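Source file: data.txt (compact mmCIF, C-alpha atoms)
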# COMPACT_ATOMS: atom_id res chain seq x y z
CA MET X 1 -17.02 7.91 4.97
CA SER X 2 -15.77 11.03 6.74
CA ASN X 3 -12.50 12.84 7.11
CA LEU X 4 -10.32 12.77 10.19
CA ALA X 5 -10.05 16.32 11.50
CA LEU X 6 -6.32 16.83 11.83
CA ASP X 7 -5.11 20.20 13.05
CA PRO X 8 -4.05 22.13 9.91
CA THR X 9 -0.89 23.29 11.68
CA LEU X 10 0.22 19.66 11.57
CA ASP X 11 -0.16 19.48 7.81
CA SER X 12 2.12 21.94 6.09
CA PRO X 13 3.66 20.50 2.89
CA GLY X 14 7.37 20.93 2.49
CA CYS X 15 7.93 22.27 6.01
CA PRO X 16 9.85 20.61 8.84
CA VAL X 17 7.54 18.94 11.35
CA PRO X 18 7.40 20.48 14.86
CA VAL X 19 8.40 18.07 17.60
CA ALA X 20 4.91 18.12 19.14
CA ALA X 21 3.13 17.48 15.83
CA PRO X 22 3.56 13.69 15.52
CA ILE X 23 2.73 13.21 19.24
CA SER X 24 -0.49 15.17 18.86
CA ALA X 25 -1.37 13.49 15.56
CA VAL X 26 -0.81 9.98 16.93
CA ASP X 27 -2.87 10.78 20.03
CA LEU X 28 -5.66 12.07 17.81
CA LEU X 29 -5.47 8.92 15.69
CA PHE X 30 -5.79 6.71 18.78
CA ASP X 31 -8.73 8.72 20.11
CA ALA X 32 -10.57 8.52 16.79
CA ALA X 33 -9.84 4.80 16.35
CA LEU X 34 -11.00 3.80 19.81
CA ALA X 35 -14.12 5.97 19.70
CA SER X 36 -15.17 4.60 16.29
CA GLY X 37 -14.36 0.94 17.03
CA ALA X 38 -11.82 0.76 14.20
CA ASP X 39 -9.86 -2.45 13.88
CA PHE X 40 -7.20 -1.21 11.41
CA ALA X 41 -5.41 2.05 10.66
CA TRP X 42 -3.09 2.73 7.72
CA ILE X 43 -0.48 5.38 7.00
CA GLU X 44 0.56 4.93 3.39
CA PRO X 45 1.62 6.94 0.32
CA MET X 46 -1.26 8.41 -1.65
CA PRO X 47 -1.32 6.86 -5.15
CA GLU X 48 -0.05 9.19 -7.88
CA SER X 49 0.47 12.05 -5.40
CA GLU X 50 4.12 12.72 -4.64
CA GLY X 51 4.79 14.05 -1.17
CA LEU X 52 1.37 13.16 0.24
CA TYR X 53 0.20 10.31 2.46
CA VAL X 54 -3.27 9.08 3.34
CA LEU X 55 -4.23 8.09 6.87
CA SER X 56 -7.32 5.87 7.06
CA LEU X 57 -9.36 4.02 9.67
CA GLU X 58 -11.11 0.76 8.83
CA ARG X 59 -13.64 -1.47 10.56
CA GLU X 60 -14.53 -4.94 9.26
CA GLY X 61 -13.14 -4.12 5.84
CA HIS X 62 -14.99 -0.78 5.45
CA VAL X 63 -13.27 2.61 5.50
CA LEU X 64 -14.56 4.80 8.34
CA SER X 65 -12.57 7.97 7.72
CA THR X 66 -9.51 9.32 5.95
CA ALA X 67 -7.13 12.27 6.12
CA THR X 68 -4.48 13.54 3.72
CA ILE X 69 -1.21 14.46 5.39
CA ASP X 70 2.20 15.67 4.33
CA ALA X 71 4.95 13.09 3.88
CA TYR X 72 7.04 14.79 6.59
CA LEU X 73 4.26 14.38 9.14
CA ALA X 74 3.56 10.82 7.99
CA ALA X 75 7.20 9.84 8.51
CA ALA X 76 7.24 11.52 11.92
CA MET X 77 4.02 9.72 12.95
CA ILE X 78 5.45 6.38 11.83
CA ALA X 79 8.60 7.08 13.85
CA ARG X 80 6.48 7.97 16.89
CA LEU X 81 4.46 4.76 16.56
CA ALA X 82 7.65 2.74 16.17
CA PHE X 83 9.06 4.32 19.34
CA ILE X 84 6.05 3.60 21.56
CA CYS X 85 5.61 0.06 20.17
CA GLY X 86 9.30 -0.89 20.34
CA VAL X 87 9.80 -1.32 16.59
CA ASP X 88 13.29 -1.01 15.09
CA LEU X 89 13.21 1.76 12.46
CA THR X 90 16.53 0.59 11.02
CA ALA X 91 15.36 -2.97 10.27
CA ALA X 92 15.73 -3.97 6.63
CA GLY X 93 12.46 -5.90 6.52
CA THR X 94 9.00 -5.77 8.04
CA SER X 95 9.04 -5.19 11.82
CA THR X 96 6.24 -5.46 14.37
CA GLY X 97 5.72 -4.32 17.96
CA SER X 98 2.81 -3.71 20.32
CA THR X 99 1.57 -1.62 23.23
CA ARG X 100 -1.69 -0.70 24.98
CA VAL X 101 -3.58 2.55 24.42
CA ARG X 102 -6.40 4.18 26.38
CA ALA X 103 -8.84 6.99 25.59
CA GLY X 104 -11.41 7.65 28.31
CA THR X 105 -13.07 4.34 29.08
CA PHE X 106 -11.74 2.69 25.90
CA GLN X 107 -8.61 0.54 26.06
CA LYS X 108 -7.11 -1.77 23.46
CA GLU X 109 -3.89 -3.52 22.60
CA ILE X 110 -2.42 -2.29 19.35
CA VAL X 111 0.02 -4.01 17.05
CA PHE X 112 2.09 -1.69 14.84
CA THR X 113 3.79 -3.00 11.70
CA LEU X 114 6.46 -1.05 9.83
CA ARG X 115 6.79 -1.95 6.15
CA PRO X 116 9.74 -0.40 4.31
CA GLY X 117 8.91 -1.14 0.65
CA ASN X 118 9.69 1.59 -1.89
CA GLU X 119 8.23 4.17 0.51
CA LEU X 120 7.83 4.03 4.25
CA ARG X 121 4.41 2.85 5.40
CA GLY X 122 2.85 1.78 8.68
CA GLU X 123 -0.24 -0.09 9.75
CA ILE X 124 -1.97 -0.58 13.09
CA ILE X 125 -4.25 -3.39 14.13
CA PHE X 126 -6.47 -2.65 17.12
CA VAL X 127 -6.69 -6.16 18.49
CA ARG X 128 -10.17 -7.62 18.71
CA ARG X 129 -9.78 -11.07 20.16
CA ALA X 130 -11.22 -13.91 18.13
CA PRO X 131 -13.59 -16.46 19.65
CA ARG X 132 -11.72 -19.15 21.57
CA LEU X 133 -10.47 -22.02 19.48
CA VAL X 134 -11.80 -25.41 20.50
CA ALA X 135 -9.46 -27.43 22.71
CA VAL X 136 -6.51 -29.32 21.27
CA GLY X 137 -7.60 -32.80 20.22
CA GLU X 138 -11.19 -31.83 19.47
CA CYS X 139 -12.42 -31.98 15.90
CA PHE X 140 -13.05 -28.94 13.71
CA SER X 141 -16.14 -29.60 11.64
CA ASP X 142 -16.29 -28.92 7.91
CA LEU X 143 -18.76 -26.29 6.83
CA GLU X 144 -21.90 -27.80 5.30
CA GLN X 145 -24.11 -26.68 2.43
CA GLY X 146 -26.43 -23.94 3.68
CA ASP X 147 -24.25 -22.92 6.65
CA ARG X 148 -23.97 -19.16 7.25
CA VAL X 149 -20.56 -17.57 7.78
CA GLY X 150 -20.90 -13.84 8.29
CA HIS X 151 -22.66 -12.46 5.21
CA TYR X 152 -22.09 -15.66 3.24
CA LYS X 153 -23.98 -18.89 2.63
CA VAL X 154 -22.00 -22.05 1.86
CA ILE X 155 -22.85 -23.64 -1.49
CA THR X 156 -20.28 -26.41 -1.71
CA LYS X 157 -16.75 -27.37 -0.68
CA LEU X 158 -14.20 -26.83 -3.44
CA GLY X 159 -11.19 -28.51 -1.85
CA ALA X 160 -8.72 -28.65 1.02
CA GLY X 161 -4.97 -28.34 1.47
CA GLY X 162 -2.39 -28.37 4.20
CA MET X 163 -3.45 -25.00 5.61
CA GLY X 164 -7.20 -24.78 5.09
CA SER X 165 -10.39 -25.64 3.23
CA VAL X 166 -12.00 -23.63 0.44
CA TYR X 167 -15.74 -23.26 -0.14
CA ARG X 168 -17.90 -21.78 -2.86
CA VAL X 169 -20.15 -19.25 -1.12
CA GLU X 170 -22.82 -16.70 -1.99
CA HIS X 171 -23.10 -13.25 -0.46
CA VAL X 172 -26.63 -13.35 0.94
CA ALA X 173 -27.45 -9.67 0.31
CA LEU X 174 -25.63 -9.16 -2.99
CA GLY X 175 -26.15 -12.59 -4.55
CA ARG X 176 -22.52 -12.68 -5.71
CA ILE X 177 -20.40 -15.82 -5.71
CA TYR X 178 -17.00 -15.92 -3.96
CA ALA X 179 -14.47 -18.37 -2.57
CA LEU X 180 -14.14 -18.57 1.22
CA LYS X 181 -11.06 -20.10 2.83
CA VAL X 182 -11.12 -21.31 6.45
CA LEU X 183 -7.81 -22.09 8.13
CA HIS X 184 -7.24 -25.44 9.80
CA GLY X 185 -7.51 -25.21 13.59
CA THR X 186 -4.64 -27.67 14.04
CA VAL X 187 -2.34 -25.14 12.39
CA LEU X 188 -3.56 -22.26 14.54
CA GLN X 189 -3.29 -24.17 17.81
CA ARG X 190 0.50 -24.27 17.40
CA ASP X 191 0.74 -20.51 18.04
CA ALA X 192 -1.79 -18.41 19.97
CA HIS X 193 -0.82 -15.24 18.08
CA SER X 194 -0.94 -16.71 14.58
CA ILE X 195 -4.51 -15.52 13.95
CA ASP X 196 -3.53 -11.88 14.40
CA ARG X 197 -0.50 -12.32 12.14
CA PHE X 198 -2.57 -14.04 9.49
CA LEU X 199 -5.19 -11.29 9.39
CA ARG X 200 -2.54 -8.56 9.38
CA GLU X 201 -0.62 -10.03 6.43
CA ALA X 202 -3.72 -11.00 4.44
CA ARG X 203 -5.23 -7.51 4.80
CA ALA X 204 -1.95 -5.87 3.83
CA ALA X 205 -1.80 -8.00 0.68
CA ALA X 206 -5.45 -7.23 -0.11
CA ARG X 207 -4.60 -3.50 -0.30
CA ILE X 208 -2.02 -3.97 -3.04
CA GLN X 209 -4.76 -4.31 -5.69
CA HIS X 210 -2.64 -5.73 -8.49
CA PRO X 211 -4.04 -7.62 -11.50
CA ASN X 212 -1.81 -10.61 -10.72
CA ILE X 213 -2.78 -10.84 -7.04
CA VAL X 214 -6.11 -12.35 -6.07
CA ASP X 215 -8.65 -9.84 -4.73
CA VAL X 216 -9.60 -10.41 -1.07
CA PHE X 217 -12.86 -8.80 0.04
CA ASP X 218 -13.64 -9.80 3.60
CA PHE X 219 -12.29 -11.37 6.80
CA GLY X 220 -13.80 -12.86 9.93
CA TYR X 221 -14.13 -15.85 12.25
CA VAL X 222 -16.26 -18.97 12.17
CA GLY X 223 -17.96 -20.08 15.38
CA ASP X 224 -15.09 -22.25 16.63
CA GLY X 225 -12.59 -19.37 16.40
CA ARG X 226 -10.89 -20.17 13.09
CA PRO X 227 -10.31 -17.14 10.85
CA TYR X 228 -11.53 -17.03 7.28
CA PHE X 229 -11.08 -14.74 4.32
CA VAL X 230 -13.25 -14.24 1.25
CA MET X 231 -11.70 -13.82 -2.19
CA GLU X 232 -12.74 -13.71 -5.82
CA LEU X 233 -13.70 -17.08 -7.26
CA LEU X 234 -11.50 -17.54 -10.29
CA PRO X 235 -11.96 -19.79 -13.30
CA GLY X 236 -9.06 -21.82 -14.60
CA LEU X 237 -6.67 -24.27 -12.95
CA SER X 238 -3.90 -24.09 -10.41
CA LEU X 239 -0.40 -24.06 -11.82
CA CYS X 240 0.10 -27.30 -9.90
CA ASP X 241 -2.56 -28.99 -12.05
CA LEU X 242 -1.08 -27.58 -15.25
CA VAL X 243 2.43 -28.79 -14.39
CA ASP X 244 1.01 -32.26 -13.68
CA GLN X 245 -0.58 -32.27 -17.13
CA GLU X 246 2.39 -31.19 -19.22
CA VAL X 247 5.95 -29.92 -19.27
CA MET X 248 5.74 -26.35 -20.49
CA ALA X 249 7.52 -24.95 -23.50
CA PRO X 250 9.92 -22.13 -22.56
CA ALA X 251 7.79 -19.33 -24.04
CA ARG X 252 4.76 -20.35 -21.96
CA ALA X 253 6.81 -20.78 -18.78
CA VAL X 254 8.38 -17.35 -19.24
CA GLN X 255 4.95 -15.77 -19.75
CA ILE X 256 3.70 -17.22 -16.45
CA ALA X 257 6.93 -16.35 -14.61
CA ARG X 258 6.77 -12.73 -15.79
CA GLN X 259 3.28 -12.28 -14.34
CA LEU X 260 4.37 -13.84 -11.04
CA CYS X 261 7.35 -11.48 -11.01
CA GLU X 262 4.99 -8.54 -11.50
CA ALA X 263 2.83 -9.69 -8.58
CA LEU X 264 5.78 -10.20 -6.23
CA ALA X 265 7.41 -6.91 -7.24
CA ALA X 266 4.19 -5.06 -6.37
CA ALA X 267 3.92 -6.91 -3.05
CA HIS X 268 7.55 -6.17 -2.16
CA ASP X 269 7.03 -2.49 -3.02
CA HIS X 270 4.42 -2.51 -0.24
CA GLY X 271 6.70 -4.35 2.18
CA VAL X 272 4.69 -7.59 1.88
CA ILE X 273 6.53 -10.92 1.56
CA HIS X 274 4.65 -13.97 0.31
CA ALA X 275 7.10 -16.60 1.66
CA ASP X 276 5.25 -19.54 0.11
CA VAL X 277 5.41 -19.19 -3.68
CA THR X 278 4.38 -22.60 -5.02
CA PRO X 279 2.40 -23.91 -8.02
CA ALA X 280 -0.50 -24.64 -5.66
CA ASN X 281 -0.67 -20.92 -4.80
CA VAL X 282 -0.85 -19.81 -8.44
CA LEU X 283 -4.08 -19.77 -10.47
CA VAL X 284 -3.93 -19.66 -14.27
CA GLU X 285 -6.84 -18.57 -16.47
CA GLU X 286 -6.35 -19.38 -20.14
CA THR X 287 -9.05 -17.31 -21.88
CA PRO X 288 -9.26 -14.88 -23.54
CA HIS X 289 -5.64 -14.17 -22.57
CA LEU X 290 -3.31 -15.89 -20.16
CA ASN X 291 -3.94 -14.38 -16.72
CA VAL X 292 -1.96 -15.48 -13.66
CA LYS X 293 -3.02 -14.79 -10.05
CA LEU X 294 -0.95 -15.29 -6.89
CA VAL X 295 -3.01 -16.31 -3.84
CA ASP X 296 -2.70 -17.07 -0.11
CA PHE X 297 -0.74 -14.12 1.24
CA GLY X 298 -0.87 -14.32 5.03
CA LEU X 299 -0.70 -18.09 5.27
CA ALA X 300 3.07 -17.82 5.01
CA GLU X 301 3.07 -16.06 8.39
CA LEU X 302 1.93 -19.36 9.90
CA ARG X 303 4.39 -21.50 7.97
CA ASP X 304 7.25 -19.12 8.69
CA ARG X 305 7.11 -20.07 12.36
CA ALA X 306 6.57 -23.80 11.89
CA ASP X 307 8.73 -26.39 13.61
CA THR X 308 11.18 -27.56 10.94
CA ALA X 309 12.32 -30.50 13.08
CA SER X 310 9.14 -32.49 12.36
CA ASP X 311 8.63 -34.77 9.36
CA ASP X 312 4.95 -33.75 9.00
CA ALA X 313 5.16 -32.15 5.56
CA GLU X 314 1.45 -31.36 5.45
CA TYR X 315 1.42 -29.03 8.45
CA VAL X 316 5.07 -28.24 9.15
CA LEU X 317 6.24 -26.35 6.11
CA GLY X 318 3.21 -26.89 3.91
CA THR X 319 5.34 -27.20 0.76
CA PRO X 320 8.96 -27.99 1.66
CA CYS X 321 9.96 -28.48 -1.99
CA TYR X 322 9.96 -24.69 -2.42
CA ILE X 323 11.44 -23.31 0.80
CA SER X 324 14.66 -21.30 0.67
CA PRO X 325 17.87 -22.38 2.45
CA GLU X 326 17.85 -19.32 4.69
CA GLN X 327 14.29 -20.06 5.88
CA ILE X 328 15.35 -23.62 6.72
CA ARG X 329 18.19 -22.17 8.81
CA GLY X 330 15.67 -20.12 10.77
CA ALA X 331 15.90 -16.72 9.07
CA ARG X 332 12.71 -14.83 8.28
CA ALA X 333 11.55 -14.86 4.68
CA ASP X 334 12.39 -11.78 2.63
CA GLU X 335 12.26 -10.63 -1.00
CA ARG X 336 15.05 -12.97 -2.08
CA SER X 337 13.37 -15.92 -0.39
CA ASP X 338 10.38 -15.34 -2.67
CA GLN X 339 12.83 -15.22 -5.56
CA TYR X 340 14.28 -18.63 -4.62
CA SER X 341 10.82 -20.20 -4.51
CA LEU X 342 9.91 -18.67 -7.86
CA GLY X 343 13.09 -20.14 -9.32
CA ILE X 344 12.00 -23.61 -8.21
CA VAL X 345 8.55 -23.04 -9.70
CA MET X 346 10.22 -22.13 -13.01
CA PHE X 347 12.47 -25.20 -12.81
CA GLU X 348 9.38 -27.37 -12.37
CA MET X 349 7.46 -25.71 -15.23
CA LEU X 350 10.40 -26.25 -17.60
CA THR X 351 11.37 -29.80 -16.59
CA GLY X 352 8.19 -31.32 -15.15
CA ARG X 353 9.73 -32.02 -11.74
CA ALA X 354 10.94 -30.22 -8.65
CA PRO X 355 14.75 -29.94 -8.43
CA PHE X 356 14.98 -31.49 -4.95
CA GLN X 357 12.88 -34.45 -3.82
CA ASP X 358 12.95 -36.84 -0.86
CA ARG X 359 10.45 -38.81 1.24
CA SER X 360 11.89 -37.27 4.39
CA VAL X 361 11.22 -33.58 5.02
CA ARG X 362 14.48 -33.40 6.95
CA GLU X 363 16.52 -34.77 4.05
CA LEU X 364 14.68 -32.59 1.56
CA CYS X 365 15.58 -29.49 3.59
CA LEU X 366 19.22 -30.56 3.66
CA LYS X 367 19.18 -30.86 -0.15
CA HIS X 368 18.07 -27.23 -0.42
CA ILE X 369 21.05 -26.26 1.73
CA ARG X 370 23.84 -28.41 0.30
CA ASP X 371 22.97 -30.05 -3.06
CA PRO X 372 23.88 -28.41 -6.39
CA ILE X 373 21.11 -27.46 -8.80
CA PRO X 374 20.32 -30.46 -11.02
CA GLU X 375 20.67 -30.20 -14.79
CA MET X 376 17.56 -28.76 -16.42
CA LEU X 377 16.30 -31.21 -19.06
CA SER X 378 13.18 -30.50 -21.11
CA PRO X 379 11.28 -32.80 -23.51
CA HIS X 380 11.02 -29.75 -25.80
CA GLY X 381 14.77 -29.88 -26.40
CA PRO X 382 17.79 -28.04 -24.93
CA LEU X 383 16.74 -24.96 -23.01
CA PRO X 384 18.08 -21.49 -23.89
CA ASP X 385 21.18 -20.65 -21.86
CA GLU X 386 19.73 -17.24 -20.95
CA LEU X 387 16.69 -18.83 -19.36
CA VAL X 388 18.70 -21.47 -17.51
CA ARG X 389 20.93 -18.74 -16.05
CA ILE X 390 17.90 -16.87 -14.71
CA VAL X 391 16.57 -19.98 -12.95
CA GLU X 392 19.98 -20.88 -11.52
CA ARG X 393 20.55 -17.35 -10.23
CA CYS X 394 17.16 -17.40 -8.47
CA MET X 395 18.10 -20.72 -6.85
CA ALA X 396 21.52 -19.64 -5.61
CA LYS X 397 22.15 -20.94 -2.08
CA SER X 398 23.24 -17.49 -0.88
CA PRO X 399 20.61 -14.72 -1.08
CA SER X 400 23.33 -12.23 -2.04
CA ALA X 401 24.02 -14.21 -5.24
CA ARG X 402 20.42 -13.84 -6.46
CA PHE X 403 18.91 -10.85 -8.26
CA SER X 404 18.93 -7.62 -6.29
CA ASN X 405 15.12 -7.52 -6.42
CA MET X 406 12.14 -8.81 -8.38
CA ARG X 407 12.25 -5.94 -10.86
CA ALA X 408 15.82 -6.85 -11.81
CA MET X 409 14.67 -10.42 -12.42
CA LEU X 410 11.67 -9.14 -14.39
CA ALA X 411 13.96 -7.11 -16.66
CA GLU X 412 15.90 -10.29 -17.51
CA LEU X 413 12.66 -12.21 -18.17
CA ASP X 414 11.39 -9.38 -20.37
CA GLU X 415 14.50 -9.70 -22.51
CA VAL X 416 14.05 -13.46 -22.79
CA ALA X 417 10.38 -12.98 -23.74
CA ARG X 418 11.31 -10.49 -26.48
CA LEU X 419 13.87 -12.88 -27.95
CA VAL X 420 11.41 -15.78 -27.86
CA GLU X 421 8.76 -13.73 -29.62
CA ARG X 422 11.16 -12.32 -32.22
CA ARG X 423 13.16 -15.36 -33.20
CA GLY X 424 11.74 -18.46 -31.56
CA TRP X 425 13.69 -20.06 -28.75
CA ARG X 426 15.17 -22.90 -30.84
CA ARG X 427 17.17 -20.33 -32.83
CA TRP X 428 19.26 -19.75 -29.69
CA LEU X 429 20.70 -23.23 -29.85
CA ALA X 430 24.30 -23.59 -30.86
CA PRO X 431 24.79 -24.91 -34.44

Full structure transcribed into structure tokens:
Amino acid sequence: MSNLALDPTLDSPGCPVPVAAPISAVDLLFDAALASGADFAWIEPMPESEGLYVLSLEREGHVLSTATIDAYLAAAMIARLAFICGVDLTAAGTSTGSTRVRAGTFQKEIVFTLRPGNELRGEIIFVRRAPRLVAVGECFSDLEQGDRVGHYKVITKLGAGGMGSVYRVEHVALGRIYALKVLHGTVLQRDAHSIDRFLREARAAARIQHPNIVDVFDFGYVGDGRPYFVMELLPGLSLCDLVDQEVMAPARAVQIARQLCEALAAAHDHGVIHADVTPANVLVEETPHLNVKLVDFGLAELRDRADTASDDAEYVLGTPCYISPEQIRGARADERSDQYSLGIVMFEMLTGRAPFQDRSVRELCLKHIRDPIPEMLSPHGPLPDELVRIVERCMAKSPSARFSNMRAMLAELDEVARLVERRGWRRWLAP
């Protein structure tokens, strides 16, 4: 790994940035990226260093070079990138635009993404086109034992869902075991640009590095053009399996919800929206302590653009039981959409069933929009009013009626957890 050689006159902490500085710095970034074959660049706050940003170039998941820059210059570079890529700097959520850049004989399309979060951050993907997907109507073959995918050898298939198949694989050089997920080609054929969006969102989530978010190590394409990502292989069960086995007591449900809140708060701080929080996307390890992991960031980018007019629940919305009313109406998912989905997950943990159910996807979506929240009934007895209010606020039809953010919700859950631990939840019941 080497350092990018930025002109020191561009990097003066605490000083206003000259007008020419961000133009020169962005040009230098493009030159370095194209010459080195980088596929990603990041401009993000340096951890535990107030007022400093780190600029890094990455190729195939490996850091090529880095530079430390002042926050003033970082903000000016992000503004410059937004200008040339047509990105709205005033947008409340994540915004994306693109342009073409050239340096000598090198030319590439770039996609710039602006992520507000707690601090401004930007990322660039230097588009490297994937292999062509096989034609619509042709079959995508399952990977077989012994097949090689990049650095990995397939051991066995672990399962499949609406968006992809998961395999147990071994890194050939390192001998380590991972899980590899390959997306279904039928999903990708709906949108020619979905592969780029998937890789962009999955890589952004992988950089969060939070104990409640699954670690993603590698990305690539199989021979037929489908993208894959490689993640840690976790013990334990999905929350979906646990909910099928038993209706959870309030203390256990709160413990799981708090860890999911922590994961989503960290993601939102980085400007990353999950947009598909469901029990199937939550892994729970029981020993030695309860450990919850949120998975499948990036797949929501595909679902977010699905055709809601179809009744194909497997490939249209993936999991329509958990989608927010505003997403059904066509709005992009945001922080409060994740909150709505988490509220439904909590409802299901506490009652053993999803609040809204219907055989028709169309009717189910309408229930999210118009039906009141059903009464929450638990086999463990009446639920604490404080906990019911948290779930109902998450599931409010209007985003403005929900919590202001995940950390506000987490504060409420923390209070519930303290009361449960101190007194036992049955003591809350009215005499």

Practice task
Calculate how many Å separate CA of Leu290 in chain X from CA of Gln259 in chain X, rounding to one decimal.
Solution key: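 Those two atoms sit 9.5 Å apart.
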
Practice task
Name the residues in contact with Thr90 in chain X at a cut-off of 12 Å, using all atoms listed in the file, excluding same-chain residues fewer than 2 positions from it; report them as a ChimeraX atom specification.
Solution key: /X:79,82-83,86-88,92-95,114-116,120

Exercise for the section: Compile the contact shell of Arg402 in chain X as number ranges by chain: residues with an atom at most 10 Å away, counting all atoms listed in the file, same-chain residues fewer than 2 positions apart removed. Expected result: X: 336-337, 339-340, 390-400, 404-406, 408-409

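As for CA of Ser324 in chain X and CA of Arg362 in chain X, they are spaced 13.6 Å apart.
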
Practice task
Within 8 Å of Pro374 in chain X, counting only C-alpha atoms, which residues show up once you throw out same-chain ones fewer than 2 positions away? Write them as a list in words, please.
Solution key: Pro355, Pro372 and Met376 of chain X

Problem - Best match for closeness to Glu44 in chain X among X:Leu158, X:Ala32, X:Ala71, X:Val26, counting only C-alpha atoms - result: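 Using only C-alpha atoms, the shortest distance to Glu44 in chain X belongs to X:Ala71.
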
Box time for range 373-391 of chain X: axis-aligned, enclosing all its listed atoms, 3 Å extra on each side; report centre and edge lengths in Å to one decimal, as lines of an AutoDock Vina configuration file.
center_x = 16.1
center_y = -24.8
center_z = -17.6
size_x = 16.2
size_y = 21.9
size_z = 23.6

Practice task
Grab the CA of Glu109 in chain X to CA of Arg332 in chain X distance for me, in Å with one decimal place.
Solution key: 24.7 Å

Practice task
Please identify all polymer residues within 6 Å of range 341-354 of chain X, counting only C-alpha atoms, omitting same-chain residues fewer than 6 positions from it, and present them as a PyMOL selection string.
Solution key: chain X and resi 243+247-248+277+322+377-378+391+394-395
